[in-house]
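Here is the structure we will look at, set down as structure tokens.
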Amino acid sequence: MKKLVLFAFAFTLMFSVNAQIKTPQPSPFTKIEQKVGLTDVTLEYSRPSMKGRKIFGNLVPYGKMWRAGANKNTTITFGDDVTIDGNTLKAGSYAIFITPNKESWDVVFYSDTENWGTPREWDDSKVAAKASAKVYNMPMNVETWTIGIDDLTNNSASIGFVWENTYAAVTFEVPTDAKASASIDRVMSGPSANDYYAAAVYNLSEGKDLDKAMEWIDKAVDMTNDQPRFWYLRQQSLIHAANGDKKGAIAAAKKSLEGAKKAENADYIKMNKESLKEWGAM
């Protein structure tokens with residue numbers, strides 16, 4: 001009986017320790033993921049509300065840097081290099097800080113994102129970009145601090161800031177044309193050596209259409225003649241052997257062996273020697 005009471009007490013204690021009261025956060029967290037052209041952009045921030053308070057020039061003073069939200073830093077992540085106010089901002093994550101004024105806001109993109117509030121010690125070397133945002137007064141109040149990725153085009157978007165009766169925005173440009181052109185050139189120029197290699201090896205492994213496999217592996221090897229790849233040549237030898245071309249298999253294996261020796265790759269040296277011996281070439 002005593003053991004049963006102790007067990008019940010321990011269970012109750014464990015439940016009490018693990019139980020947590022859940023209540024709404026005063027400044028809820030939000031995350032926005034947006035594709036701008038071909039660039040991934042992610043925005044993460046916490047959203048305070050007015051709750052009857054005067055915001056700009058009071059709760060958020062003019063001329064003083066603000067964290068652009070609540071709790072941990074407001075951050076934005078760009079999947080590619082972007083351009084803001086004529087300056088290149090490298091792909092990566094940045095904290096956003098704002099210094100509001102009546103007519104315009106100064107917006108800073110800061111490379112250290114691990115602050116709660118503004119950094120205790122400001123480091124100018126971590127300022128990745130600065131921009132100026134013109135302030136617009138709206139005919140109504142917006143209760144909750146809102147940041148959006150708006151005004152989307154193929155080549156640009158705006159980071160829009162809205163709170164109280166104030167709107168301001170910073171435009172950034174993305175490298176859509178460069179990425180799209182590179183993709184078009186890559187596809188229109190046909191399969192790469194790696195594509196031919198992968199297709200040939202697949203056909204060999206599955207015993208499918210060895211004539212096609214020979215055609216593809218030979219193209220892959222031809223495309224890399226300036227920098228021969230001994231692993232390509234190894235597969236070329238196996239595919240030719242599987243398709244009954246022993247002479248071609250031996251020639252490819254010898255080239256693969258030579259490359260493996262230069263690379264000091266013991267595994268490929270061993271495999272090629274074994275195959276050459278099997279095919280009567282050693």
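Residue numbers start at 1 in each chain; chains themselves are named A, B, ... in the order of the structure tokens; ligands are numbered from 1 in the order shown.
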Find the residues around Leu210 (chain A) up to 8 Å (only C-alpha atoms counted), leave out those fewer than 4 positions away in its own chain, and share them as a ChimeraX atom specification.
-> /A:203-204,214,239,242-243
Can you list, as a list in words, every protein, DNA or RNA residue that comes within 9 Å of Thr75 (chain A) when you count only C-alpha atoms, leaving out same-chain residues fewer than 3 positions away?
-> Thr42, Leu43, Glu44, Tyr45, Lys72, Ser93, Tyr94, Ala95, Ile96, Phe109 and Thr113 of chain A
For the residues selected in the previous step, produce a file with C-alpha atoms as a PDB file, in the first residue's frame.
```pdb
ATOM      1  CA  THR A  42      11.514  34.755 -45.705  1.00  0.00           C
ATOM      2  CA  LEU A  43      10.397  37.302 -43.126  1.00  0.00           C
ATOM      3  CA  GLU A  44      10.123  36.487 -39.397  1.00  0.00           C
ATOM      4  CA  TYR A  45       8.973  38.885 -36.683  1.00  0.00           C
ATOM      5  CA  LYS A  72      13.818  38.544 -30.864  1.00  0.00           C
ATOM      6  CA  SER A  93      19.736  36.555 -43.081  1.00  0.00           C
ATOM      7  CA  TYR A  94      19.632  40.079 -41.677  1.00  0.00           C
ATOM      8  CA  ALA A  95      18.049  41.835 -38.732  1.00  0.00           C
ATOM      9  CA  ILE A  96      15.963  44.882 -39.640  1.00  0.00           C
ATOM     10  CA  PHE A 109      19.911  45.595 -42.568  1.00  0.00           C
ATOM     11  CA  THR A 113      20.468  38.515 -36.101  1.00  0.00           C
TER      12      THR A 113
END
```
Can you tell me, as a list in words, what residues are no more than 9 Å from Trp231 (chain A) when counting only C-alpha atoms, ignoring any on the same chain fewer than 2 positions away?
->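 Listing them by chain and then by number gives Pro228, Arg229, Leu233, Arg234, Gln235, Gln236, Ser256, Gly259, Ala260 and Tyr268 of chain A.
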Hey, what's within 6 Å of region 141-154 of chain A if we count only C-alpha atoms and toss same-chain stuff fewer than 5 positions away? As a ChimeraX atom specification, please?
-> /A:37,47-50,159-165
Save the residues we just selected, N, CA and C atoms, as a short mmCIF file (atom, residue, chain, number, x, y, z; two decimals), in the first residue's frame?
```
data_model
loop_
_atom_site.label_atom_id
_atom_site.label_comp_id
_atom_site.auth_asym_id
_atom_site.auth_seq_id
_atom_site.Cartn_x
_atom_site.Cartn_y
_atom_site.Cartn_z
N GLY A 37 10.06 36.79 -58.07
CA GLY A 37 10.73 36.32 -59.29
C GLY A 37 11.14 34.88 -59.09
N ARG A 47 4.65 40.63 -33.46
CA ARG A 47 3.74 41.71 -33.82
C ARG A 47 3.05 42.33 -32.61
N PRO A 48 3.57 43.43 -32.10
CA PRO A 48 2.87 44.15 -31.03
C PRO A 48 1.64 44.88 -31.58
N SER A 49 0.72 45.22 -30.69
CA SER A 49 -0.49 45.95 -31.08
C SER A 49 -0.56 47.29 -30.36
N MET A 50 -1.39 48.19 -30.87
CA MET A 50 -1.51 49.54 -30.32
C MET A 50 -2.08 49.53 -28.90
N ILE A 159 9.38 45.87 -49.14
CA ILE A 159 9.15 45.49 -47.76
C ILE A 159 8.32 46.62 -47.17
N GLY A 160 7.04 46.35 -46.93
CA GLY A 160 6.13 47.39 -46.47
C GLY A 160 5.91 47.32 -44.97
N PHE A 161 6.01 48.47 -44.29
CA PHE A 161 5.83 48.57 -42.84
C PHE A 161 4.55 49.37 -42.56
N VAL A 162 3.65 48.79 -41.77
CA VAL A 162 2.38 49.46 -41.48
C VAL A 162 2.09 49.35 -39.98
N TRP A 163 1.77 50.50 -39.38
CA TRP A 163 1.29 50.49 -38.00
C TRP A 163 0.66 51.86 -37.71
N GLU A 164 -0.32 51.85 -36.85
CA GLU A 164 -1.06 53.08 -36.54
C GLU A 164 -1.60 53.61 -37.86
N ASN A 165 -1.37 54.87 -38.17
CA ASN A 165 -1.83 55.41 -39.45
C ASN A 165 -0.65 55.71 -40.37
#
```
Alpha helix (DSSP H) per DSSP on the backbone: members of region 120-229 of chain A, as an MDAnalysis selection string = chainID A and resid 176:188 193:206 210:223
Could you save those same residues with N, CA and C atoms as a tab-separated table (two decimals), in the first residue's frame?
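After the write, result_0.tsv holds the following:
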```tsv
chain	number	residue	atom	x	y	z
A	176	THR	N	16.35	38.11	-61.21
A	176	THR	CA	15.52	37.17	-61.97
A	176	THR	C	16.03	36.96	-63.38
A	177	ASP	N	16.38	38.04	-64.06
A	177	ASP	CA	16.80	37.91	-65.45
A	177	ASP	C	18.06	37.06	-65.57
A	178	ALA	N	19.02	37.30	-64.69
A	178	ALA	CA	20.26	36.53	-64.73
A	178	ALA	C	19.99	35.05	-64.48
A	179	LYS	N	19.13	34.74	-63.49
A	179	LYS	CA	18.83	33.35	-63.17
A	179	LYS	C	18.03	32.68	-64.29
A	180	ALA	N	17.04	33.40	-64.82
A	180	ALA	CA	16.22	32.83	-65.89
A	180	ALA	C	17.05	32.59	-67.15
A	181	SER	N	17.91	33.55	-67.48
A	181	SER	CA	18.75	33.41	-68.68
A	181	SER	C	19.71	32.24	-68.54
A	182	ALA	N	20.30	32.09	-67.35
A	182	ALA	CA	21.21	30.97	-67.11
A	182	ALA	C	20.48	29.64	-67.23
A	183	SER	N	19.25	29.60	-66.70
A	183	SER	CA	18.45	28.37	-66.78
A	183	SER	C	18.11	28.03	-68.22
A	184	ILE	N	17.72	29.05	-68.98
A	184	ILE	CA	17.39	28.84	-70.39
A	184	ILE	C	18.60	28.34	-71.16
A	185	ASP	N	19.74	28.99	-70.95
A	185	ASP	CA	20.97	28.58	-71.65
A	185	ASP	C	21.34	27.15	-71.29
A	186	ARG	N	21.20	26.79	-70.01
A	186	ARG	CA	21.58	25.46	-69.56
A	186	ARG	C	20.70	24.39	-70.19
A	187	VAL	N	19.40	24.64	-70.20
A	187	VAL	CA	18.47	23.64	-70.74
A	187	VAL	C	18.57	23.56	-72.25
A	188	MET	N	18.65	24.72	-72.90
A	188	MET	CA	18.66	24.73	-74.36
A	188	MET	C	19.96	24.18	-74.94
A	193	ALA	N	27.37	16.62	-69.04
A	193	ALA	CA	28.12	15.37	-68.93
A	193	ALA	C	27.58	14.52	-67.78
A	194	ASN	N	27.26	15.18	-66.67
A	194	ASN	CA	26.72	14.45	-65.52
A	194	ASN	C	25.39	13.78	-65.85
A	195	ASP	N	24.57	14.48	-66.66
A	195	ASP	CA	23.29	13.90	-67.06
A	195	ASP	C	23.49	12.63	-67.88
A	196	TYR	N	24.39	12.71	-68.87
A	196	TYR	CA	24.67	11.54	-69.70
A	196	TYR	C	25.25	10.40	-68.86
A	197	TYR	N	26.16	10.75	-67.95
A	197	TYR	CA	26.80	9.76	-67.08
A	197	TYR	C	25.76	9.04	-66.22
A	198	ALA	N	24.90	9.83	-65.56
A	198	ALA	CA	23.89	9.25	-64.67
A	198	ALA	C	22.93	8.34	-65.44
A	199	ALA	N	22.52	8.78	-66.64
A	199	ALA	CA	21.60	7.98	-67.44
A	199	ALA	C	22.24	6.68	-67.88
A	200	ALA	N	23.51	6.73	-68.29
A	200	ALA	CA	24.21	5.54	-68.74
A	200	ALA	C	24.39	4.53	-67.60
A	201	VAL	N	24.79	5.04	-66.42
A	201	VAL	CA	24.99	4.15	-65.27
A	201	VAL	C	23.67	3.52	-64.84
A	202	TYR	N	22.59	4.29	-64.92
A	202	TYR	CA	21.27	3.73	-64.58
A	202	TYR	C	20.91	2.58	-65.53
A	203	ASN	N	21.09	2.80	-66.81
A	203	ASN	CA	20.75	1.75	-67.78
A	203	ASN	C	21.59	0.49	-67.54
A	204	LEU	N	22.86	0.68	-67.22
A	204	LEU	CA	23.73	-0.47	-66.94
A	204	LEU	C	23.23	-1.22	-65.71
A	205	SER	N	22.92	-0.47	-64.64
A	205	SER	CA	22.50	-1.12	-63.39
A	205	SER	C	21.18	-1.85	-63.54
A	206	GLU	N	20.31	-1.34	-64.44
A	206	GLU	CA	18.99	-1.95	-64.62
A	206	GLU	C	18.94	-2.91	-65.81
A	210	LEU	N	21.54	-1.29	-73.56
A	210	LEU	CA	22.97	-1.04	-73.42
A	210	LEU	C	23.54	-0.24	-74.59
A	211	ASP	N	22.89	-0.29	-75.74
A	211	ASP	CA	23.33	0.55	-76.86
A	211	ASP	C	23.20	2.03	-76.48
A	212	LYS	N	22.06	2.36	-75.87
A	212	LYS	CA	21.86	3.74	-75.41
A	212	LYS	C	22.86	4.09	-74.32
A	213	ALA	N	23.08	3.13	-73.42
A	213	ALA	CA	24.04	3.38	-72.34
A	213	ALA	C	25.43	3.68	-72.90
A	214	MET	N	25.84	2.93	-73.94
A	214	MET	CA	27.15	3.19	-74.57
A	214	MET	C	27.17	4.58	-75.20
A	215	GLU	N	26.09	4.92	-75.87
A	215	GLU	CA	26.02	6.24	-76.52
A	215	GLU	C	26.16	7.36	-75.49
A	216	TRP	N	25.46	7.21	-74.37
A	216	TRP	CA	25.47	8.25	-73.35
A	216	TRP	C	26.81	8.35	-72.62
A	217	ILE	N	27.37	7.20	-72.27
A	217	ILE	CA	28.64	7.25	-71.53
A	217	ILE	C	29.75	7.77	-72.43
A	218	ASP	N	29.71	7.43	-73.72
A	218	ASP	CA	30.72	7.95	-74.64
A	218	ASP	C	30.60	9.47	-74.78
A	219	LYS	N	29.38	9.98	-74.79
A	219	LYS	CA	29.19	11.44	-74.84
A	219	LYS	C	29.72	12.09	-73.57
A	220	ALA	N	29.43	11.47	-72.42
A	220	ALA	CA	29.90	12.02	-71.15
A	220	ALA	C	31.42	12.10	-71.12
A	221	VAL	N	32.08	11.04	-71.59
A	221	VAL	CA	33.54	11.02	-71.61
A	221	VAL	C	34.08	12.05	-72.60
A	222	ASP	N	33.46	12.14	-73.78
A	222	ASP	CA	33.90	13.13	-74.78
A	222	ASP	C	33.78	14.55	-74.24
A	223	MET	N	32.73	14.83	-73.49
A	223	MET	CA	32.49	16.18	-72.96
A	223	MET	C	33.47	16.55	-71.86
```
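Here CA of Gly117 (chain A) and CA of Arg53 (chain A) stand 19.9 Å from one another.
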Please give the complete set of residues from region 61-279 of chain A that DSSP, run on the backbone, assigns to strand (DSSP E), formatted as a JSON list (two decimals) with C-alpha atoms, in the first residue's frame.
```json
[["chain", "number", "residue", "atom", "x", "y", "z"],
["A", 70, "ALA", "CA", 8.97, 42.75, -30.51],
["A", 71, "ASN", "CA", 10.97, 40.00, -28.80],
["A", 72, "LYS", "CA", 13.82, 38.54, -30.86],
["A", 73, "ASN", "CA", 15.11, 40.47, -33.87],
["A", 74, "THR", "CA", 12.89, 40.94, -36.86],
["A", 75, "THR", "CA", 14.77, 39.10, -39.63],
["A", 76, "ILE", "CA", 14.62, 38.81, -43.38],
["A", 77, "THR", "CA", 16.37, 36.09, -45.39],
["A", 78, "PHE", "CA", 17.20, 36.38, -49.09],
["A", 82, "VAL", "CA", 19.60, 41.41, -53.93],
["A", 83, "THR", "CA", 19.95, 45.15, -54.48],
["A", 84, "ILE", "CA", 18.59, 47.71, -52.03],
["A", 87, "ASN", "CA", 23.70, 48.54, -52.72],
["A", 88, "THR", "CA", 24.22, 44.80, -53.08],
["A", 89, "LEU", "CA", 22.96, 42.75, -50.15],
["A", 92, "GLY", "CA", 21.63, 35.42, -46.18],
["A", 93, "SER", "CA", 19.74, 36.56, -43.08],
["A", 94, "TYR", "CA", 19.63, 40.08, -41.68],
["A", 95, "ALA", "CA", 18.05, 41.84, -38.73],
["A", 96, "ILE", "CA", 15.96, 44.88, -39.64],
["A", 97, "PHE", "CA", 16.28, 48.03, -37.53],
["A", 98, "ILE", "CA", 14.33, 51.23, -38.11],
["A", 99, "THR", "CA", 14.88, 54.81, -37.01],
["A", 100, "PRO", "CA", 11.50, 56.49, -37.57],
["A", 104, "SER", "CA", 11.00, 59.30, -43.55],
["A", 105, "TRP", "CA", 12.45, 56.22, -41.88],
["A", 106, "ASP", "CA", 16.04, 55.04, -41.92],
["A", 107, "VAL", "CA", 16.08, 51.27, -42.40],
["A", 108, "VAL", "CA", 19.19, 49.21, -41.62],
["A", 109, "PHE", "CA", 19.91, 45.60, -42.57],
["A", 110, "TYR", "CA", 22.27, 44.22, -39.92],
["A", 127, "VAL", "CA", 25.66, 47.06, -41.39],
["A", 128, "ALA", "CA", 25.06, 45.28, -44.70],
["A", 129, "ALA", "CA", 22.83, 47.94, -46.26],
["A", 130, "LYS", "CA", 20.91, 51.11, -45.47],
["A", 131, "ALA", "CA", 17.82, 52.55, -47.11],
["A", 132, "SER", "CA", 15.48, 55.50, -46.68],
["A", 133, "ALA", "CA", 11.72, 54.93, -46.65],
["A", 134, "LYS", "CA", 9.27, 57.77, -47.26],
["A", 135, "VAL", "CA", 6.40, 57.97, -44.76],
["A", 136, "TYR", "CA", 2.78, 58.03, -45.91],
["A", 137, "ASN", "CA", -0.15, 58.85, -43.61],
["A", 138, "MET", "CA", -3.20, 56.63, -43.94],
["A", 139, "PRO", "CA", -6.85, 57.62, -43.34],
["A", 140, "MET", "CA", -7.30, 54.84, -40.73],
["A", 141, "ASN", "CA", -5.38, 53.05, -38.02],
["A", 142, "VAL", "CA", -3.90, 49.56, -38.31],
["A", 143, "GLU", "CA", -3.99, 48.03, -34.83],
["A", 144, "THR", "CA", -1.14, 45.51, -35.17],
["A", 145, "TRP", "CA", 2.43, 46.07, -36.43],
["A", 146, "THR", "CA", 2.54, 44.59, -39.91],
["A", 147, "ILE", "CA", 5.41, 43.91, -42.30],
["A", 148, "GLY", "CA", 4.63, 42.57, -45.75],
["A", 149, "ILE", "CA", 6.38, 41.73, -48.99],
["A", 150, "ASP", "CA", 4.31, 43.68, -51.46],
["A", 156, "SER", "CA", 11.47, 43.46, -57.42],
["A", 157, "ALA", "CA", 9.25, 43.82, -54.37],
["A", 158, "SER", "CA", 8.73, 46.15, -51.45],
["A", 159, "ILE", "CA", 9.15, 45.49, -47.76],
["A", 160, "GLY", "CA", 6.13, 47.39, -46.47],
["A", 161, "PHE", "CA", 5.83, 48.57, -42.84],
["A", 162, "VAL", "CA", 2.38, 49.46, -41.48],
["A", 163, "TRP", "CA", 1.29, 50.49, -38.00],
["A", 164, "GLU", "CA", -1.06, 53.08, -36.54],
["A", 165, "ASN", "CA", -1.83, 55.41, -39.45],
["A", 166, "THR", "CA", 1.66, 55.18, -40.98],
["A", 167, "TYR", "CA", 3.01, 53.32, -44.01],
["A", 168, "ALA", "CA", 6.61, 53.18, -45.24],
["A", 169, "ALA", "CA", 8.37, 50.84, -47.66],
["A", 170, "VAL", "CA", 11.79, 49.82, -48.95],
["A", 171, "THR", "CA", 12.15, 48.33, -52.44],
["A", 172, "PHE", "CA", 14.61, 45.56, -53.28],
["A", 173, "GLU", "CA", 15.56, 44.10, -56.64]]
```
Near region 248-255 of chain A, within 8 Å and counting only C-alpha atoms, which residues show up once chain neighbours fewer than 3 positions away are dropped, as a ChimeraX atom specification?
-> /A:230,233-234,236-241,245,258-259,272,275-276,279,281
For Gly79 (chain A), list every protein, DNA or RNA residue within 8 Å, evaluated using only C-alpha atoms, and leave out those in the same chain fewer than 6 positions away; present the list as a list in words.
->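 Contacts, with the query itself left out: Thr39, Asp40, Val41, Ala91 and Gly92 of chain A.
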Enter the distance from CA of Lys247 (chain A) to CA of Lys262 (chain A), in Å, rounded to one decimal.
->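 CA of Lys262 (chain A) lies 23.3 Å from CA of Lys247 (chain A).
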Quick one, how far is CA of Asn101 (chain A) from CA of Pro26 (chain A)?
->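 Those two atoms sit 25.7 Å apart.
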